[in-house]
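I have placed the structure first, in the form of structure tokens, so that the comments after it can refer back to it.
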Amino acid sequence: MSLDKAHLEYPHRSYGMDHDRYRWSQLSERKSIQWPNNNKLALWVNVPLQFFPLDQKGVPFKVPGGMTMPYPDLRHFTLRDYGNRVGIYRLLNAFDKYQVTPTFAMNSALAKRNPYLLNVIKERSNEILGHGIHMDALHYGGQDISQERQQVKESLSTLRELSGQAITGWLSPVRSESENTPELLAENGIEYFCDWVNDDMPYQFHTQQGNLTAMPLSNELDDAFILMNNQHSEQSYVEQLCDACDFLLNEAESQGGRILALNIHPWMLGQPHRIAKLEQVLEYVTSQGVWSASASDILSIYKQQNNITK
Amino acid sequence: MKSDPGFYDYWPYHNRPKIKWPNGKKLAFWVAPNIEYYELNPPKNPNRAAWPQATPAVAGYSIRDYGNRVGHDRQMKLLDKYGIRGSISLSTALCDHHPEIISACKERNWEFFSHGIYNTRYTYGMSEMQERDMIKDAMETIYKHTGQKCAGYLAPALSHSELTLDLFAEVGTELFGNDGGFYTCDLFHDDQPTPIHLRSGKQFVSIPYSLEMNDTIAFVVNKMEPRRYGQILKDNFDRLYQEGEASGTIMCIPTHNYQVACPHRMKAYEAALDYITSHEDVWVTTGREIAEYFREHYYQAAINDIAEKQTSIQGAQ
């Protein structure tokens, strides 16, 4: 019994990362960032607006949050749809009450299906991010590049046309990528993406088509991760967000501006028994003196202060 | 395959020879940050996949990288604040990838012990010689980069063979004599050190490392809420501290910078460290120092007591 000799060879065992996507750098060693008006913390609230098709193909895997029952899985289809009909309007009221500036990562299929909702977002002038075609059109390792290129192009052109926005940000459905995703995003006019969760601040991500900025959108603080994946209580969700806020504010005292990033789903926090928990979080966080901003506004400060021109 | 690994004899947790830690302390407390490197695209081990999906496993890889980029410095500052020296369970390739982290820990006189080369290279399927080579490479790497004679082992990703402990001890002897390769964190059968049977007969001990207090087990496997984790740390401490009156106990908190050093978990973790270190009879130490102290003062007494308890049963039969 033995393993192939490749298992005892270490071709990437050298300084930095084991790939060339980004430079190795510890957050604590970086130049500090100053947010507008001396705020220590930028608050970025992103809301995915998603379509989970009833006829889910599940290629190459069943999307978490998607259909799990034999066809037709009406329970999951309608429960997700609930978010776009009901939950989202509760979220919007909460944002307005606490003067929070959200961003929306929108599946292009949803923009087509729900022009009324898209129009509500447009009228608020909030930033929209690309979020793929729908939740069953995944980007994944080993995917055919021409198929994926078509997905990226179609989702972005649809969303740009229907929203009238430039769409420079991207969040892959369930953050799943192929080896080519970053290149395909860069060649289609995307400037920043939020799939990688290895930092609490933006950093430069290399592609053959030039750099993207990786924007930190915590998965650990994602509502569905905490409530659905981890099965934590609603009260614990509030505690975790408030503890994170306290911690980042304190770290910002000595290390410069930090970002508290909330990714929240209308089908999760938009439920009647949960919306008050979001309101509690926003009440607490906004009372600490934070800069509520869109991803693009945060990005432009980061680029300005790091002399990144593109 | 064996029905029992045969590392130790049954040794009941009562009427054991009384352990007193240095200066009469009741509980030896150590924190073991796992500082790991996971490869984005490792060779595929036939017995265990490194990632649940085809490369790139963005979610899994990137949160682990977060531990090194963001989390390490946070936990290090926190341990500084409470006067705790970490005992690092190290993916030794990190010496090459991220020497800044190694330097910072070395400056603080932290302990480095082996956790293999990469946490994406598993022991499963290796020949005895391959495993020996991997173990030796890791111990030599620690020595080369830190000057430390590696004393302890936690197999990479807790992947073992039947010979893992034997090989670790033997390579330790080959490289460093009795100063290297003398304790393991791989076994979870006790709250006090245990002498381990090895084919070489080397004086070798198991030091309690605690899977139950391990943050990744708590947060990822058991999906525990951060404040509840803080509470179980305190509860675990309270009972071990109380029992340490009768005979010295050990509490270990094994951590990962990509888990406990996330912003929403630091507060509860800090509260637990504050609570534990505020007690007078706590020896805040490292894995190596516990193993050395036990070997020097109690190893033989333990061997004798175990033998006596085995004999007394045989006598009664």
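Labels used: A, B, ... for chains in the order of the structure tokens, numbers from 1 for residues in each chain, and numbers from 1 for ligands as shown.
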Cut-off 12 Å: closest range 23-121 of chain B/range 211-216 of chain A atom pairs per residue, using only C-alpha atoms, as a Markdown table:
```
| residue | atom | partner | partner_atom | distance |
| --- | --- | --- | --- | --- |
| B:Ser62 | CA | A:Pro216 | CA | 11.0 |
| B:Ile63 | CA | A:Pro216 | CA | 11.1 |
| B:Tyr66 | CA | A:Pro216 | CA | 10.6 |
| B:Val70 | CA | A:Pro216 | CA | 11.7 |
```
The selected residues should be written to file as an mmCIF file, in the first residue's frame (atoms: C-alpha atoms).
```cif
data_model
loop_
_atom_site.group_PDB
_atom_site.id
_atom_site.type_symbol
_atom_site.label_atom_id
_atom_site.label_comp_id
_atom_site.auth_asym_id
_atom_site.auth_seq_id
_atom_site.Cartn_x
_atom_site.Cartn_y
_atom_site.Cartn_z
ATOM 1 C CA SER B 62 -11.226 31.223 1.155
ATOM 2 C CA ILE B 63 -12.568 31.065 4.713
ATOM 3 C CA TYR B 66 -9.165 34.243 6.155
ATOM 4 C CA VAL B 70 -7.184 38.254 9.104
#
```
Worksheet item: Once you count only C-alpha atoms, which residues of chain B turn out to be within 8 Å of chain A? Could you give them as an NGL selection string?
Response: :B and (39-40 or 43 or 45 or 53-59 or 62-70 or 73 or 93 or 96-99 or 121 or 125-127 or 130 or 134 or 223-226 or 262-267)
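Each of B:Tyr229, B:Tyr299, B:Trp30, B:Tyr61 was checked against Ile253 in chain B using only C-alpha atoms; the smallest atom-to-atom distance is that of B:Trp30.
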Write out as a compact mmCIF listing (two decimals) with all heavy atoms, in the first residue's frame the residues lying within 9 Å of range 180-193 of chain B, counting only C-alpha atoms and excluding same-chain residues fewer than 5 positions away.
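File written: around21.txt
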```
# COMPACT_ATOMS: atom_id res chain seq x y z
N TYR B 13 -10.56 6.85 36.40
CA TYR B 13 -10.39 8.24 36.85
C TYR B 13 -10.79 8.35 38.32
O TYR B 13 -11.69 9.08 38.68
CB TYR B 13 -11.23 9.16 35.95
CG TYR B 13 -11.03 10.65 36.17
CD1 TYR B 13 -9.77 11.24 36.07
CD2 TYR B 13 -12.12 11.48 36.43
CE1 TYR B 13 -9.60 12.61 36.24
CE2 TYR B 13 -11.95 12.85 36.60
CZ TYR B 13 -10.69 13.40 36.51
OH TYR B 13 -10.53 14.77 36.67
N MET B 139 8.92 17.76 10.84
CA MET B 139 9.72 18.05 12.05
C MET B 139 10.99 18.81 11.69
O MET B 139 11.41 19.73 12.39
CB MET B 139 10.06 16.75 12.79
CG MET B 139 8.83 16.08 13.39
SD MET B 139 9.21 14.46 14.11
CE MET B 139 9.36 14.89 15.85
N GLN B 148 13.14 24.96 17.02
CA GLN B 148 12.51 24.11 18.04
C GLN B 148 12.56 22.63 17.64
O GLN B 148 12.35 22.28 16.48
CB GLN B 148 11.05 24.53 18.26
CG GLN B 148 10.92 25.87 18.95
CD GLN B 148 9.48 26.18 19.37
OE1 GLN B 148 8.64 25.28 19.49
NE2 GLN B 148 9.21 27.44 19.59
N LYS B 149 12.83 21.81 18.67
CA LYS B 149 12.80 20.36 18.47
C LYS B 149 11.37 19.91 18.72
O LYS B 149 10.94 19.81 19.88
CB LYS B 149 13.78 19.69 19.43
CG LYS B 149 15.22 20.13 19.16
CD LYS B 149 16.17 19.64 20.23
CE LYS B 149 17.61 20.09 19.89
NZ LYS B 149 18.56 19.72 20.94
N CYS B 150 10.68 19.67 17.65
CA CYS B 150 9.24 19.39 17.73
C CYS B 150 8.93 18.24 18.70
O CYS B 150 9.45 17.13 18.55
CB CYS B 150 8.74 19.06 16.34
SG CYS B 150 7.06 18.42 16.30
N ALA B 151 8.06 18.54 19.67
CA ALA B 151 7.75 17.53 20.70
C ALA B 151 6.41 16.84 20.45
O ALA B 151 6.22 15.69 20.82
CB ALA B 151 7.75 18.19 22.08
N GLY B 152 5.47 17.56 19.84
CA GLY B 152 4.12 17.03 19.79
C GLY B 152 3.59 16.83 18.37
O GLY B 152 4.11 17.38 17.40
N TYR B 153 2.55 16.03 18.29
CA TYR B 153 1.94 15.75 16.98
C TYR B 153 0.42 15.76 17.06
O TYR B 153 -0.17 15.25 18.03
CB TYR B 153 2.38 14.36 16.50
CG TYR B 153 2.17 14.10 15.02
CD1 TYR B 153 2.47 15.08 14.07
CD2 TYR B 153 1.68 12.87 14.56
CE1 TYR B 153 2.29 14.84 12.70
CE2 TYR B 153 1.51 12.62 13.18
CZ TYR B 153 1.82 13.61 12.27
OH TYR B 153 1.65 13.37 10.93
N LEU B 154 -0.16 16.37 16.06
CA LEU B 154 -1.57 16.20 15.78
C LEU B 154 -1.59 15.89 14.29
O LEU B 154 -1.23 16.74 13.47
CB LEU B 154 -2.36 17.48 16.09
CG LEU B 154 -3.86 17.43 15.80
CD1 LEU B 154 -4.57 16.52 16.80
CD2 LEU B 154 -4.48 18.82 15.86
N ALA B 155 -1.94 14.69 13.92
CA ALA B 155 -1.83 14.27 12.52
C ALA B 155 -2.64 15.22 11.62
O ALA B 155 -3.67 15.74 12.04
CB ALA B 155 -2.32 12.83 12.36
N LEU B 158 -6.33 15.20 11.32
CA LEU B 158 -6.59 14.02 12.14
C LEU B 158 -6.70 12.74 11.29
O LEU B 158 -7.55 11.89 11.52
CB LEU B 158 -7.84 14.21 13.01
CG LEU B 158 -7.57 14.97 14.33
CD1 LEU B 158 -7.35 16.46 14.06
CD2 LEU B 158 -8.68 14.79 15.32
N HIS B 160 -4.94 9.32 10.31
CA HIS B 160 -3.95 8.45 10.95
C HIS B 160 -3.75 7.14 10.20
O HIS B 160 -4.59 6.75 9.39
CB HIS B 160 -4.42 8.10 12.37
CG HIS B 160 -4.69 9.29 13.22
ND1 HIS B 160 -5.96 9.76 13.47
CD2 HIS B 160 -3.86 10.14 13.85
CE1 HIS B 160 -5.89 10.83 14.22
NE2 HIS B 160 -4.64 11.09 14.47
N LEU B 165 1.66 7.05 15.59
CA LEU B 165 2.33 7.47 16.83
C LEU B 165 3.73 6.85 16.94
O LEU B 165 4.67 7.51 17.38
CB LEU B 165 1.47 7.11 18.05
CG LEU B 165 0.06 7.71 18.06
CD1 LEU B 165 -0.63 7.41 19.39
CD2 LEU B 165 0.07 9.20 17.80
N PHE B 168 6.02 8.82 14.56
CA PHE B 168 6.32 10.16 15.07
C PHE B 168 7.38 10.09 16.18
O PHE B 168 8.35 10.84 16.19
CB PHE B 168 5.05 10.84 15.57
CG PHE B 168 5.31 12.17 16.20
CD1 PHE B 168 5.71 13.25 15.42
CD2 PHE B 168 5.18 12.35 17.58
CE1 PHE B 168 5.98 14.48 16.00
CE2 PHE B 168 5.44 13.58 18.16
CZ PHE B 168 5.85 14.64 17.37
N ALA B 169 7.18 9.16 17.09
CA ALA B 169 8.14 9.02 18.21
C ALA B 169 9.52 8.61 17.69
O ALA B 169 10.55 9.14 18.13
CB ALA B 169 7.62 7.98 19.20
N GLU B 170 9.56 7.70 16.73
CA GLU B 170 10.84 7.21 16.22
C GLU B 170 11.60 8.28 15.45
O GLU B 170 12.81 8.44 15.60
CB GLU B 170 10.61 5.97 15.34
CG GLU B 170 10.20 4.75 16.17
CD GLU B 170 9.55 3.64 15.35
OE1 GLU B 170 9.76 3.59 14.11
OE2 GLU B 170 8.82 2.81 15.95
N VAL B 171 10.87 9.02 14.62
CA VAL B 171 11.53 10.10 13.88
C VAL B 171 12.02 11.16 14.86
O VAL B 171 13.13 11.70 14.72
CB VAL B 171 10.59 10.72 12.82
CG1 VAL B 171 11.22 11.96 12.20
CG2 VAL B 171 10.25 9.70 11.74
N GLY B 172 11.23 11.43 15.90
CA GLY B 172 11.64 12.38 16.94
C GLY B 172 12.95 11.95 17.58
O GLY B 172 13.87 12.76 17.77
N THR B 173 13.08 10.68 17.88
CA THR B 173 14.31 10.16 18.48
C THR B 173 15.47 10.26 17.50
O THR B 173 16.57 10.68 17.87
CB THR B 173 14.10 8.67 18.89
OG1 THR B 173 12.98 8.61 19.77
CG2 THR B 173 15.34 8.13 19.60
N GLU B 174 15.20 9.89 16.27
CA GLU B 174 16.25 9.96 15.25
C GLU B 174 16.80 11.38 15.11
O GLU B 174 18.01 11.60 15.01
CB GLU B 174 15.66 9.49 13.90
CG GLU B 174 16.62 9.51 12.73
CD GLU B 174 15.89 9.33 11.40
OE1 GLU B 174 14.84 8.62 11.36
OE2 GLU B 174 16.33 9.93 10.41
N LEU B 175 15.91 12.37 15.14
CA LEU B 175 16.35 13.76 14.92
C LEU B 175 16.84 14.42 16.20
O LEU B 175 17.80 15.18 16.17
CB LEU B 175 15.20 14.60 14.34
CG LEU B 175 14.69 14.23 12.95
CD1 LEU B 175 13.47 15.07 12.59
CD2 LEU B 175 15.79 14.44 11.90
N LYS B 202 9.59 3.92 23.85
CA LYS B 202 9.94 5.30 24.23
C LYS B 202 8.96 5.86 25.26
O LYS B 202 7.77 5.55 25.22
CB LYS B 202 9.92 6.16 22.96
CG LYS B 202 10.33 7.61 23.18
CD LYS B 202 10.43 8.32 21.84
CE LYS B 202 10.84 9.78 22.01
NZ LYS B 202 11.13 10.42 20.71
N GLN B 203 9.49 6.71 26.15
CA GLN B 203 8.62 7.38 27.13
C GLN B 203 7.81 8.45 26.37
O GLN B 203 8.36 9.47 25.94
CB GLN B 203 9.50 8.04 28.19
CG GLN B 203 8.80 8.27 29.49
CD GLN B 203 9.70 8.98 30.49
OE1 GLN B 203 9.94 10.17 30.37
NE2 GLN B 203 10.18 8.25 31.48
N PHE B 204 6.53 8.20 26.22
CA PHE B 204 5.71 8.98 25.29
C PHE B 204 4.33 9.17 25.93
O PHE B 204 3.78 8.23 26.49
CB PHE B 204 5.60 8.21 23.98
CG PHE B 204 4.95 8.94 22.84
CD1 PHE B 204 5.71 9.71 21.96
CD2 PHE B 204 3.57 8.86 22.62
CE1 PHE B 204 5.11 10.36 20.88
CE2 PHE B 204 2.97 9.50 21.55
CZ PHE B 204 3.74 10.26 20.68
N VAL B 205 3.78 10.37 25.86
CA VAL B 205 2.50 10.61 26.55
C VAL B 205 1.45 11.22 25.63
O VAL B 205 1.76 11.93 24.67
CB VAL B 205 2.66 11.55 27.78
CG1 VAL B 205 3.47 10.86 28.87
CG2 VAL B 205 3.28 12.87 27.40
N SER B 206 0.23 10.92 25.99
CA SER B 206 -0.91 11.58 25.35
C SER B 206 -1.31 12.76 26.23
O SER B 206 -1.49 12.60 27.44
CB SER B 206 -2.07 10.59 25.25
OG SER B 206 -3.26 11.28 24.93
N ILE B 207 -1.40 13.94 25.62
CA ILE B 207 -1.81 15.14 26.36
C ILE B 207 -3.22 15.53 25.91
O ILE B 207 -3.47 15.65 24.72
CB ILE B 207 -0.82 16.30 26.06
CG1 ILE B 207 0.59 15.96 26.55
CG2 ILE B 207 -1.29 17.60 26.72
CD1 ILE B 207 0.72 15.74 28.04
N PRO B 208 -4.13 15.70 26.90
CA PRO B 208 -5.50 16.04 26.52
C PRO B 208 -5.56 17.34 25.71
O PRO B 208 -4.99 18.35 26.12
CB PRO B 208 -6.20 16.22 27.86
CG PRO B 208 -5.39 15.45 28.84
CD PRO B 208 -3.98 15.52 28.35
N TYR B 209 -6.21 17.27 24.58
CA TYR B 209 -6.29 18.38 23.63
C TYR B 209 -7.74 18.79 23.44
O TYR B 209 -8.03 19.93 23.12
CB TYR B 209 -5.61 17.91 22.34
CG TYR B 209 -5.85 18.70 21.08
CD1 TYR B 209 -5.07 19.82 20.76
CD2 TYR B 209 -6.82 18.30 20.16
CE1 TYR B 209 -5.27 20.52 19.57
CE2 TYR B 209 -7.01 19.00 18.97
CZ TYR B 209 -6.25 20.11 18.68
OH TYR B 209 -6.45 20.78 17.50
N SER B 210 -8.65 17.90 23.69
CA SER B 210 -10.10 18.16 23.70
C SER B 210 -10.73 18.50 22.36
O SER B 210 -10.68 19.64 21.89
CB SER B 210 -10.49 19.26 24.69
OG SER B 210 -11.91 19.33 24.73
N LEU B 211 -11.37 17.51 21.82
CA LEU B 211 -12.17 17.73 20.61
C LEU B 211 -13.43 18.52 20.95
O LEU B 211 -13.92 19.31 20.15
CB LEU B 211 -12.55 16.37 20.02
CG LEU B 211 -12.57 16.25 18.50
CD1 LEU B 211 -11.32 16.80 17.86
CD2 LEU B 211 -12.76 14.79 18.12
N LEU B 240 -13.14 21.10 35.73
CA LEU B 240 -11.76 20.61 35.77
C LEU B 240 -10.96 21.30 36.87
O LEU B 240 -10.10 20.69 37.51
CB LEU B 240 -11.09 20.82 34.39
CG LEU B 240 -11.60 19.90 33.28
CD1 LEU B 240 -11.09 20.38 31.92
CD2 LEU B 240 -11.17 18.45 33.51
N GLY B 248 -4.15 17.13 39.69
CA GLY B 248 -4.08 18.15 38.64
C GLY B 248 -4.71 17.73 37.31
O GLY B 248 -4.50 16.62 36.84
N THR B 249 -5.49 18.64 36.75
CA THR B 249 -6.15 18.38 35.48
C THR B 249 -5.57 19.29 34.40
O THR B 249 -4.75 20.17 34.67
CB THR B 249 -7.66 18.63 35.60
OG1 THR B 249 -7.86 19.90 36.22
CG2 THR B 249 -8.34 17.54 36.41
N ILE B 250 -6.06 19.06 33.18
CA ILE B 250 -5.60 19.84 32.03
C ILE B 250 -6.81 20.34 31.27
O ILE B 250 -7.76 19.59 31.04
CB ILE B 250 -4.76 18.96 31.07
CG1 ILE B 250 -3.49 18.49 31.77
CG2 ILE B 250 -4.42 19.72 29.79
CD1 ILE B 250 -2.70 17.47 30.98
N MET B 251 -6.78 21.62 30.91
CA MET B 251 -7.79 22.11 29.99
C MET B 251 -7.09 22.67 28.76
O MET B 251 -6.16 23.47 28.89
CB MET B 251 -8.66 23.20 30.61
CG MET B 251 -9.67 23.73 29.60
SD MET B 251 -10.75 25.02 30.27
CE MET B 251 -11.74 25.36 28.80
N GLY B 287 1.67 22.84 25.55
CA GLY B 287 1.57 21.38 25.48
C GLY B 287 2.88 20.72 25.84
O GLY B 287 2.93 19.75 26.61
N ARG B 288 3.94 21.26 25.29
CA ARG B 288 5.27 20.67 25.54
C ARG B 288 5.62 20.72 27.03
O ARG B 288 6.12 19.74 27.60
CB ARG B 288 6.33 21.43 24.74
CG ARG B 288 7.71 20.87 24.93
CD ARG B 288 8.81 21.72 24.28
NE ARG B 288 10.07 21.03 24.47
CZ ARG B 288 10.74 20.40 23.50
NH1 ARG B 288 10.30 20.42 22.27
NH2 ARG B 288 11.85 19.76 23.77
N ILE B 290 3.67 20.82 29.60
CA ILE B 290 2.86 19.86 30.36
C ILE B 290 3.44 18.45 30.20
O ILE B 290 3.62 17.72 31.17
CB ILE B 290 1.39 19.88 29.88
CG1 ILE B 290 0.75 21.24 30.15
CG2 ILE B 290 0.59 18.78 30.58
CD1 ILE B 290 -0.62 21.42 29.48
N ALA B 291 3.74 18.10 28.95
CA ALA B 291 4.28 16.75 28.69
C ALA B 291 5.61 16.55 29.40
O ALA B 291 5.86 15.49 29.99
CB ALA B 291 4.43 16.54 27.18
N GLU B 292 6.46 17.56 29.35
CA GLU B 292 7.78 17.45 30.01
C GLU B 292 7.62 17.29 31.52
O GLU B 292 8.28 16.46 32.15
CB GLU B 292 8.62 18.71 29.74
CG GLU B 292 9.25 18.69 28.36
CD GLU B 292 9.98 20.01 28.04
OE1 GLU B 292 9.69 21.04 28.68
OE2 GLU B 292 10.82 19.97 27.12
N PHE B 294 5.06 16.21 33.20
CA PHE B 294 4.48 14.91 33.53
C PHE B 294 5.53 13.81 33.40
O PHE B 294 5.64 12.93 34.26
CB PHE B 294 3.28 14.61 32.63
CG PHE B 294 2.62 13.30 32.94
CD1 PHE B 294 1.70 13.20 33.98
CD2 PHE B 294 2.92 12.16 32.20
CE1 PHE B 294 1.10 11.97 34.28
CE2 PHE B 294 2.33 10.94 32.50
CZ PHE B 294 1.41 10.85 33.54
N TYR B 299 5.39 10.25 35.35
CA TYR B 299 5.29 9.18 34.36
C TYR B 299 5.42 7.80 35.03
O TYR B 299 4.57 6.92 34.85
CB TYR B 299 6.37 9.36 33.29
CG TYR B 299 6.29 8.37 32.15
CD1 TYR B 299 5.48 8.63 31.05
CD2 TYR B 299 7.02 7.18 32.18
CE1 TYR B 299 5.40 7.73 30.01
CE2 TYR B 299 6.93 6.27 31.14
CZ TYR B 299 6.12 6.55 30.05
OH TYR B 299 6.04 5.66 29.02
```
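Backbone DSSP of range 4-157 of chain B yields strand (DSSP E or B) at Trp21, Lys25, Leu27, Ala28, Phe29, Trp30, Val31, Ala32, Pro33, Asn34, Ile35, Asn45, Arg48, Ser87, Ile88, Ser89, Leu90, Glu111, Phe112, Phe113, Ser114, Gly152 and Tyr153 of chain B.
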Using the selection just defined, write its residues with N, CA, C and O atoms as a short mmCIF file (atom, residue, chain, number, x, y, z; two decimals), in the first residue's frame.
```
data_model
loop_
_atom_site.label_atom_id
_atom_site.label_comp_id
_atom_site.auth_asym_id
_atom_site.auth_seq_id
_atom_site.Cartn_x
_atom_site.Cartn_y
_atom_site.Cartn_z
N TRP B 21 0.68 20.48 39.68
CA TRP B 21 1.43 21.21 38.66
C TRP B 21 2.40 22.18 39.34
O TRP B 21 2.30 22.41 40.55
N LYS B 25 -0.17 24.42 41.40
CA LYS B 25 -1.36 24.78 40.62
C LYS B 25 -2.22 23.53 40.38
O LYS B 25 -1.72 22.42 40.29
N LEU B 27 -4.72 23.31 37.81
CA LEU B 27 -5.13 23.04 36.43
C LEU B 27 -4.09 23.61 35.47
O LEU B 27 -3.66 24.76 35.63
N ALA B 28 -3.68 22.79 34.52
CA ALA B 28 -2.78 23.26 33.47
C ALA B 28 -3.63 23.70 32.30
O ALA B 28 -4.43 22.92 31.78
N PHE B 29 -3.49 24.96 31.90
CA PHE B 29 -4.33 25.51 30.84
C PHE B 29 -3.46 25.83 29.63
O PHE B 29 -2.45 26.51 29.74
N TRP B 30 -3.87 25.29 28.48
CA TRP B 30 -3.13 25.64 27.26
C TRP B 30 -4.08 25.89 26.10
O TRP B 30 -5.18 25.35 26.06
N VAL B 31 -3.66 26.76 25.23
CA VAL B 31 -4.43 27.10 24.03
C VAL B 31 -3.62 26.65 22.82
O VAL B 31 -2.43 26.95 22.74
N ALA B 32 -4.26 25.92 21.95
CA ALA B 32 -3.57 25.36 20.78
C ALA B 32 -4.17 25.90 19.48
O ALA B 32 -5.08 25.29 18.92
N PRO B 33 -3.69 27.06 19.02
CA PRO B 33 -4.16 27.55 17.72
C PRO B 33 -3.64 26.65 16.60
O PRO B 33 -2.45 26.40 16.52
N ASN B 34 -4.56 26.14 15.79
CA ASN B 34 -4.15 25.42 14.59
C ASN B 34 -3.86 26.46 13.51
O ASN B 34 -4.75 27.22 13.15
N ILE B 35 -2.62 26.50 13.07
CA ILE B 35 -2.29 27.43 11.99
C ILE B 35 -2.02 26.58 10.77
O ILE B 35 -1.01 25.89 10.68
N ASN B 45 -6.52 12.44 -2.64
CA ASN B 45 -6.30 11.22 -1.85
C ASN B 45 -7.42 10.23 -2.13
O ASN B 45 -8.59 10.61 -2.13
N ARG B 48 -10.10 10.13 0.89
CA ARG B 48 -10.80 11.28 1.46
C ARG B 48 -10.61 12.49 0.54
O ARG B 48 -9.47 12.83 0.19
N SER B 87 0.31 27.18 21.73
CA SER B 87 1.02 25.97 21.31
C SER B 87 0.46 25.67 19.93
O SER B 87 -0.68 25.23 19.80
N ILE B 88 1.26 25.95 18.92
CA ILE B 88 0.71 25.94 17.56
C ILE B 88 0.75 24.55 16.95
O ILE B 88 1.79 23.92 16.85
N SER B 89 -0.43 24.14 16.52
CA SER B 89 -0.55 22.95 15.70
C SER B 89 -0.35 23.42 14.26
O SER B 89 -1.23 24.06 13.68
N LEU B 90 0.82 23.15 13.71
CA LEU B 90 1.26 23.84 12.49
C LEU B 90 1.28 22.97 11.24
O LEU B 90 1.90 21.91 11.23
N GLU B 111 5.05 27.72 21.28
CA GLU B 111 5.50 26.39 20.89
C GLU B 111 4.97 26.05 19.49
O GLU B 111 3.83 26.36 19.16
N PHE B 112 5.82 25.41 18.70
CA PHE B 112 5.38 24.89 17.40
C PHE B 112 5.37 23.37 17.47
O PHE B 112 6.40 22.77 17.80
N PHE B 113 4.23 22.74 17.22
CA PHE B 113 4.26 21.29 17.07
C PHE B 113 3.68 20.91 15.72
O PHE B 113 3.10 21.73 15.01
N SER B 114 3.88 19.66 15.34
CA SER B 114 3.58 19.27 13.96
C SER B 114 2.12 18.90 13.75
O SER B 114 1.53 18.15 14.53
N GLY B 152 5.47 17.56 19.84
CA GLY B 152 4.12 17.03 19.79
C GLY B 152 3.59 16.83 18.37
O GLY B 152 4.11 17.38 17.40
N TYR B 153 2.55 16.03 18.29
CA TYR B 153 1.94 15.75 16.98
C TYR B 153 0.42 15.76 17.06
O TYR B 153 -0.17 15.25 18.03
#
```
